[in-house]
>>> print(open('target-v1.cif').read())   # mmCIF, C-alpha atoms
data_upload
loop_
_atom_site.label_atom_id
_atom_site.label_comp_id
_atom_site.auth_asym_id
_atom_site.auth_seq_id
_atom_site.Cartn_x
_atom_site.Cartn_y
_atom_site.Cartn_z
CA PRO I 83 -16.77 -2.66 -10.56
CA LEU I 84 -15.85 -2.53 -6.90
CA ALA I 85 -12.11 -2.65 -7.59
CA LEU I 86 -12.30 0.39 -9.89
CA HIS I 87 -14.43 2.22 -7.31
CA ALA I 88 -11.79 1.46 -4.68
CA ASP I 89 -8.99 2.66 -6.98
CA VAL I 90 -10.80 5.97 -7.57
CA LEU I 91 -11.37 6.47 -3.84
CA ALA I 92 -7.74 5.60 -3.11
CA ALA I 93 -6.57 8.13 -5.69
CA GLY I 94 -8.86 10.74 -4.16
CA ALA I 95 -7.56 10.00 -0.67
CA GLY I 96 -3.98 10.28 -1.93
CA LEU I 97 -4.71 13.65 -3.55
CA LEU I 98 -6.39 14.93 -0.40
CA GLY I 99 -3.39 13.76 1.62
CA ILE I 100 -1.13 15.96 -0.49
CA VAL I 101 -3.44 18.97 -0.65
CA THR I 102 -4.91 19.07 2.88
CA PRO I 103 -1.69 20.09 4.71
CA HIS I 104 -1.58 23.19 2.49
CA ALA I 105 -5.34 23.78 2.27
CA PRO I 106 -7.03 22.50 5.46
CA GLY I 107 -10.67 21.61 5.05
CA THR I 108 -10.35 20.40 1.47
CA VAL I 109 -12.94 17.71 0.76
CA LEU I 110 -13.90 15.29 -2.00
CA THR I 111 -17.49 15.04 -3.23
CA LEU I 112 -18.55 11.48 -3.93
CA PRO I 113 -20.01 11.19 -7.44
CA GLY I 114 -23.57 10.27 -8.30
CA GLY I 115 -25.65 12.76 -6.38
CA ALA I 116 -26.33 16.42 -5.92
CA GLN I 117 -24.04 18.26 -3.56
CA GLN I 118 -25.86 19.61 -0.54
CA PRO I 119 -24.65 22.90 0.94
CA GLY I 120 -23.15 22.77 4.38
CA ASN I 121 -22.71 19.01 4.57
CA ALA I 122 -18.91 18.98 4.69
CA VAL I 123 -17.56 16.24 6.91
CA ALA I 124 -15.10 17.30 9.56
CA PRO I 125 -11.81 15.39 9.26
CA ALA I 126 -11.57 12.57 11.80
CA SER I 127 -8.59 12.59 14.13
CA GLU I 128 -7.86 8.90 13.64
CA LEU I 129 -8.28 6.52 10.71
CA VAL I 130 -10.16 4.04 12.89
CA GLN I 131 -12.79 6.69 13.61
CA ALA I 132 -13.17 7.32 9.91
CA GLU I 133 -13.61 3.62 9.23
CA ALA I 134 -16.43 3.44 11.76
CA MET I 135 -18.15 6.22 9.83
CA ALA I 136 -17.51 4.75 6.38
CA SER I 137 -20.92 3.16 5.84
CA ASP I 138 -22.62 6.46 6.66
CA LEU I 139 -20.39 8.40 4.27
CA ALA I 140 -20.94 6.27 1.18
CA ALA I 141 -24.02 8.14 -0.11
CA PRO I 142 -23.49 9.93 -3.44
CA GLY I 143 -22.96 13.64 -3.02
CA THR I 144 -21.41 13.29 0.42
CA ARG I 145 -18.31 15.39 0.96
CA VAL I 146 -15.49 13.56 2.69
CA GLY I 147 -12.08 14.43 4.03
CA GLU I 148 -8.85 12.53 3.57
CA LEU I 149 -9.35 9.92 6.28
CA GLU I 150 -12.95 9.28 5.32
CA ALA I 151 -11.96 8.79 1.67
CA LEU I 152 -9.21 6.42 2.79
CA ALA I 153 -11.67 4.46 4.93
CA LEU I 154 -14.15 4.20 2.06
CA ALA I 155 -11.39 3.00 -0.28
CA ASP I 156 -10.33 0.41 2.27
CA ALA I 157 -13.92 -0.82 2.59
CA ALA I 158 -14.30 -0.96 -1.20
CA PHE I 159 -11.09 -2.97 -1.55
CA ALA I 160 -12.35 -5.39 1.12
CA ALA I 161 -15.67 -5.78 -0.71
CA ALA I 162 -13.87 -6.39 -4.02
CA LEU I 163 -11.73 -9.06 -2.40
CA ALA I 164 -14.79 -10.74 -0.93
CA CYS I 165 -16.62 -10.81 -4.27
CA GLY I 166 -13.70 -11.60 -6.54
CA GLY I 167 -11.72 -14.73 -7.23
CA ARG I 168 -8.04 -15.53 -7.32
CA GLN I 169 -7.18 -12.77 -9.80
CA SER I 170 -8.94 -10.25 -7.60
CA ALA I 171 -6.96 -11.49 -4.60
CA GLY I 172 -3.78 -10.62 -6.49
CA THR I 173 -4.58 -7.33 -8.18
CA VAL I 174 -6.87 -5.90 -5.51
CA GLY I 175 -4.59 -7.06 -2.71
CA LEU I 176 -1.65 -5.27 -4.26
CA ALA I 177 -3.70 -2.11 -4.79
CA ALA I 178 -4.92 -2.12 -1.19
CA GLY I 179 -1.38 -2.55 0.08
CA ASP I 180 -0.07 0.18 -2.22
CA MET I 181 -2.64 2.60 -0.84
CA MET I 182 -1.44 2.13 2.73
CA LEU I 183 2.23 2.12 1.70
CA GLU I 184 1.78 5.43 -0.12
CA ARG I 185 0.05 6.90 2.92
CA ALA I 186 2.91 5.79 5.16
CA ARG I 187 5.39 7.53 2.85
CA LEU I 188 3.28 10.68 2.87
CA LEU I 189 2.90 10.75 6.64
CA ARG I 190 6.63 10.36 7.14
CA SER I 191 7.40 13.11 4.63
CA LEU I 192 5.05 15.41 6.57
CA GLY I 193 6.80 14.60 9.83
CA ARG I 194 3.75 12.94 11.37
CA ALA I 195 3.98 10.71 14.44
CA GLU I 196 5.91 7.52 13.81
CA GLU I 197 3.05 5.53 15.35
CA GLU I 198 0.80 6.65 12.49
CA VAL I 199 3.45 5.68 9.93
CA THR I 200 3.96 2.28 11.51
CA GLU I 201 0.22 1.56 11.61
CA CYS I 202 -0.06 2.23 7.87
CA LEU I 203 2.99 0.05 7.18
CA LYS I 204 1.51 -2.80 9.20
CA ARG I 205 -1.71 -2.61 7.22
CA ALA I 206 0.21 -2.51 3.96
CA ALA I 207 2.21 -5.54 5.05
CA THR I 208 -0.95 -7.50 5.83
CA ALA I 209 -2.31 -6.87 2.33
CA PHE I 210 0.97 -7.81 0.65
CA GLU I 211 1.38 -10.92 2.81
CA ASN I 212 -2.04 -12.13 1.72
CA VAL I 213 -0.98 -11.83 -1.93
CA ALA I 214 2.44 -13.36 -1.36
CA GLY I 215 0.82 -16.29 0.42
CA LEU I 216 -1.45 -17.31 -2.45
CA GLU I 217 -0.71 -20.91 -3.36
CA GLY I 218 -0.49 -22.66 -6.70
CA GLU I 219 -0.54 -21.20 -10.18
CA ALA I 220 -3.39 -20.15 -12.46
CA GLU I 221 -3.65 -18.70 -15.96
CA ALA I 222 -5.50 -15.70 -14.51
CA ASP I 223 -2.63 -14.83 -12.19
CA PRO I 224 -1.29 -11.33 -12.88
CA GLU I 225 2.31 -11.46 -14.10
CA ASP I 226 4.85 -11.35 -11.27
CA PHE I 227 2.15 -10.45 -8.75
CA ARG I 228 3.68 -12.48 -5.93
CA ALA I 229 7.17 -11.20 -6.73
CA THR I 230 5.72 -7.68 -6.55
CA ALA I 231 4.09 -8.46 -3.21
CA TRP I 232 7.41 -9.69 -1.79
CA TYR I 233 9.23 -6.66 -3.18
CA ASN I 234 6.70 -4.36 -1.52
CA LEU I 235 7.16 -6.26 1.73
CA ALA I 236 10.87 -5.52 1.40
CA CYS I 237 9.96 -1.84 1.03
CA VAL I 238 7.80 -1.98 4.16
CA ALA I 239 10.66 -3.61 6.07
CA GLY I 240 13.09 -1.03 4.71
CA LEU I 241 10.91 1.85 5.90
CA LEU I 242 10.83 0.20 9.32
CA GLY I 243 14.62 -0.17 9.28
CA ARG I 244 14.44 -3.97 9.43
CA ALA I 245 17.33 -5.23 7.31
CA ASP I 246 16.67 -8.86 8.25
CA ARG I 247 13.10 -8.74 7.01
CA THR I 248 14.17 -6.83 3.92
CA ALA I 249 16.72 -9.52 3.08
CA HIS I 250 14.13 -12.29 3.50
CA ALA I 251 11.53 -10.49 1.39
CA MET I 252 14.04 -9.74 -1.38
CA LYS I 253 15.14 -13.37 -1.39
CA MET I 254 11.53 -14.49 -1.82
CA CYS I 255 10.93 -11.84 -4.47
CA LEU I 256 13.94 -12.71 -6.60
CA GLY I 257 13.13 -16.40 -6.26
CA ARG I 258 9.92 -15.77 -8.18
CA VAL I 259 11.62 -13.79 -10.96
CA SER I 260 13.31 -15.40 -13.95
CA LYS I 261 17.09 -15.12 -14.02
CA ALA I 262 16.83 -13.03 -17.18
CA ASN I 263 14.81 -10.38 -15.32
CA ARG I 264 16.52 -10.38 -11.94
CA ARG I 265 19.08 -7.73 -12.82
CA GLY I 266 16.30 -5.21 -13.45
CA TRP I 267 14.66 -5.93 -10.09
CA ILE I 268 18.01 -5.66 -8.31
CA SER I 269 18.77 -2.33 -9.99
CA GLU I 270 15.40 -1.03 -8.88
CA ALA I 271 16.03 -2.19 -5.32
CA CYS I 272 19.43 -0.49 -5.19
CA ALA I 273 17.87 2.82 -6.23
CA ASP I 274 14.65 2.54 -4.20
CA VAL I 275 14.35 5.25 -1.53
CA ASP I 276 12.25 2.90 0.61
CA LEU I 277 15.28 0.63 0.92
CA ARG I 278 17.87 3.36 1.34
CA SER I 279 18.44 2.73 5.05
CA VAL I 280 18.98 -1.01 4.64
CA VAL I 281 20.21 -1.71 1.10
CA ASN I 282 23.87 -1.63 2.12
CA HIS I 283 23.37 -3.91 5.10
CA PRO I 284 25.42 -7.14 4.74
CA GLU I 285 22.33 -9.37 4.88
CA VAL I 286 20.64 -7.47 2.06
CA GLN I 287 23.80 -7.19 0.00
CA GLU I 288 24.34 -10.94 0.30
CA ILE I 289 20.90 -11.64 -1.18
CA LEU I 290 21.37 -9.17 -4.01
CA ALA I 291 24.84 -10.50 -4.81
CA LYS I 292 23.71 -14.14 -4.90
CA ALA I 293 20.90 -13.37 -7.33
#
>>> encode(input="target-v1.cif", output="structure tokens")
Amino acid sequence: PLALHADVLAAGAGLLGIVTPHAPGTVLTLPGGAQQPGNAVAPASELVQAEAMASDLAAPGTRVGELEALALADAAFAAALACGGRQSAGTVGLAAGDMMLERARLLRSLGRAEEEVTECLKRAATAFENVAGLEGEAEADPEDFRATAWYNLACVAGLLGRADRTAHAMKMCLGRVSKANRRGWISEACADVDLRSVVNHPEVQEILAKA
């Protein structure tokens, strides 16, 4: 399935993101074909360049760097969303957003340019907003998937230092959670490192207190 393929590529990109700073030149070999010597792909300087190359890198046996793997995962998530139904829009949308959110965290931890971090956060936000904006209810809906999307939007806002957006997203999140479960979500928010810079802001505290 396309969604599983995307998840595997996303996991590979995440692993390369951790390893590459310590072992430059590390690559991932795409499964399904024989590895050809000397066909390592040079890491692209920008994600957009990698995305332009994605269709050429999809052949089994191709060796890809971090950005190429990320671009392939992004393309696979997009294909899964296009082929799937409502359930896919929820689960795949969350997975696509998580991939970019994790990359933003990694880039910041490595001290990379804030523009790169912000670009990943914007892309994560777009994916989460698409999930949060799904209308109606269906039996196939993943449990709490829209609450999770709103919570992740709060995390994106927190990493951007936007307390106002964090407060709004947390309000929307908690509004989709039963009263019996809200305390657990609030406890998680209070301990979440993504929200550390904004969790004590009056606007955020007001939302958490009212819940």
>>> residues_around(input="target-v1.cif", residues="I:Trp267", least_positions_apart="2", cutoff="10 Å", atoms="only C-alpha atoms", output="short mmCIF file (atom, residue, chain, number, x, y, z; two decimals) with C-alpha atoms, in the frame of the given file")
data_model
loop_
_atom_site.label_atom_id
_atom_site.label_comp_id
_atom_site.auth_asym_id
_atom_site.auth_seq_id
_atom_site.Cartn_x
_atom_site.Cartn_y
_atom_site.Cartn_z
CA ALA I 229 7.17 -11.20 -6.73
CA THR I 230 5.72 -7.68 -6.55
CA TYR I 233 9.23 -6.66 -3.18
CA MET I 252 14.04 -9.74 -1.38
CA CYS I 255 10.93 -11.84 -4.47
CA LEU I 256 13.94 -12.71 -6.60
CA VAL I 259 11.62 -13.79 -10.96
CA ASN I 263 14.81 -10.38 -15.32
CA ARG I 264 16.52 -10.38 -11.94
CA ARG I 265 19.08 -7.73 -12.82
CA SER I 269 18.77 -2.33 -9.99
CA GLU I 270 15.40 -1.03 -8.88
CA ALA I 271 16.03 -2.19 -5.32
CA CYS I 272 19.43 -0.49 -5.19
CA LEU I 290 21.37 -9.17 -4.01
#
>>> residues_around(input="target-v1.cif", residues="I:Leu98", least_positions_apart="6", cutoff="9 Å", atoms="all atoms listed in the file", output="list in words")
Thr108, Val109, Leu110, Gly147, Glu148, Leu149 and Ala151 of chain I
>>> resolve_selection(input="target-v1.cif", expression="the PyMOL selection byres ((chain I and resi 189-206) around 10)", output="VMD selection string")
chain I and resid 99 to 100 103 128 to 129 175 to 188 207 to 211 234 to 235 237 to 239 241 to 242
>>> residues_near_point(input="target-v1.cif", point="(-17.0, 6.0, -1.9)", cutoff="10 Å", atoms="only C-alpha atoms", output="ChimeraX atom specification")
/I:84,87-88,90-92,94,110-113,136-137,139-146,150-158
>>> atom_distance(input="target-v1.cif", atom1="atom CA of I:Gly167", atom2="atom CA of I:Gly96")
26.7 Å
>>> atom_distance(input="target-v1.cif", atom1="atom CA of I:Ala214", atom2="atom CA of I:Arg228")
4.8 Å
>>> atom_distance(input="target-v1.cif", atom1="atom CA of I:Arg278", atom2="atom CA of I:Gly240")
7.3 Å
>>> closest_residue(input="target-v1.cif", among="I:Gly172, I:Pro284, I:Gly243, I:Gly107", to="I:Asn212", atoms="all atoms listed in the file")
I:Gly172
>>> residues_around(input="target-v1.cif", residues="I:Ile289", least_positions_apart="2", cutoff="12 Å", atoms="all atoms listed in the file", output="PDB file with C-alpha atoms, in the frame of the given file")
ATOM      1  CA  ALA I 245      17.330  -5.230   7.310  1.00  0.00           C
ATOM      2  CA  ASP I 246      16.670  -8.860   8.250  1.00  0.00           C
ATOM      3  CA  ARG I 247      13.100  -8.740   7.010  1.00  0.00           C
ATOM      4  CA  THR I 248      14.170  -6.830   3.920  1.00  0.00           C
ATOM      5  CA  ALA I 249      16.720  -9.520   3.080  1.00  0.00           C
ATOM      6  CA  HIS I 250      14.130 -12.290   3.500  1.00  0.00           C
ATOM      7  CA  ALA I 251      11.530 -10.490   1.390  1.00  0.00           C
ATOM      8  CA  MET I 252      14.040  -9.740  -1.380  1.00  0.00           C
ATOM      9  CA  LYS I 253      15.140 -13.370  -1.390  1.00  0.00           C
ATOM     10  CA  MET I 254      11.530 -14.490  -1.820  1.00  0.00           C
ATOM     11  CA  CYS I 255      10.930 -11.840  -4.470  1.00  0.00           C
ATOM     12  CA  LEU I 256      13.940 -12.710  -6.600  1.00  0.00           C
ATOM     13  CA  GLY I 257      13.130 -16.400  -6.260  1.00  0.00           C
ATOM     14  CA  ARG I 264      16.520 -10.380 -11.940  1.00  0.00           C
ATOM     15  CA  ILE I 268      18.010  -5.660  -8.310  1.00  0.00           C
ATOM     16  CA  ALA I 271      16.030  -2.190  -5.320  1.00  0.00           C
ATOM     17  CA  CYS I 272      19.430  -0.490  -5.190  1.00  0.00           C
ATOM     18  CA  VAL I 281      20.210  -1.710   1.100  1.00  0.00           C
ATOM     19  CA  ASN I 282      23.870  -1.630   2.120  1.00  0.00           C
ATOM     20  CA  HIS I 283      23.370  -3.910   5.100  1.00  0.00           C
ATOM     21  CA  PRO I 284      25.420  -7.140   4.740  1.00  0.00           C
ATOM     22  CA  GLU I 285      22.330  -9.370   4.880  1.00  0.00           C
ATOM     23  CA  VAL I 286      20.640  -7.470   2.060  1.00  0.00           C
ATOM     24  CA  GLN I 287      23.800  -7.190   0.000  1.00  0.00           C
ATOM     25  CA  ALA I 291      24.840 -10.500  -4.810  1.00  0.00           C
ATOM     26  CA  LYS I 292      23.710 -14.140  -4.900  1.00  0.00           C
ATOM     27  CA  ALA I 293      20.900 -13.370  -7.330  1.00  0.00           C
TER      28      ALA I 293
END
>>> closest_residue(input="target-v1.cif", among="I:Ala231, I:Ala236, I:Val275, I:Leu163", to="I:Ala85", atoms="only C-alpha atoms")
I:Leu163
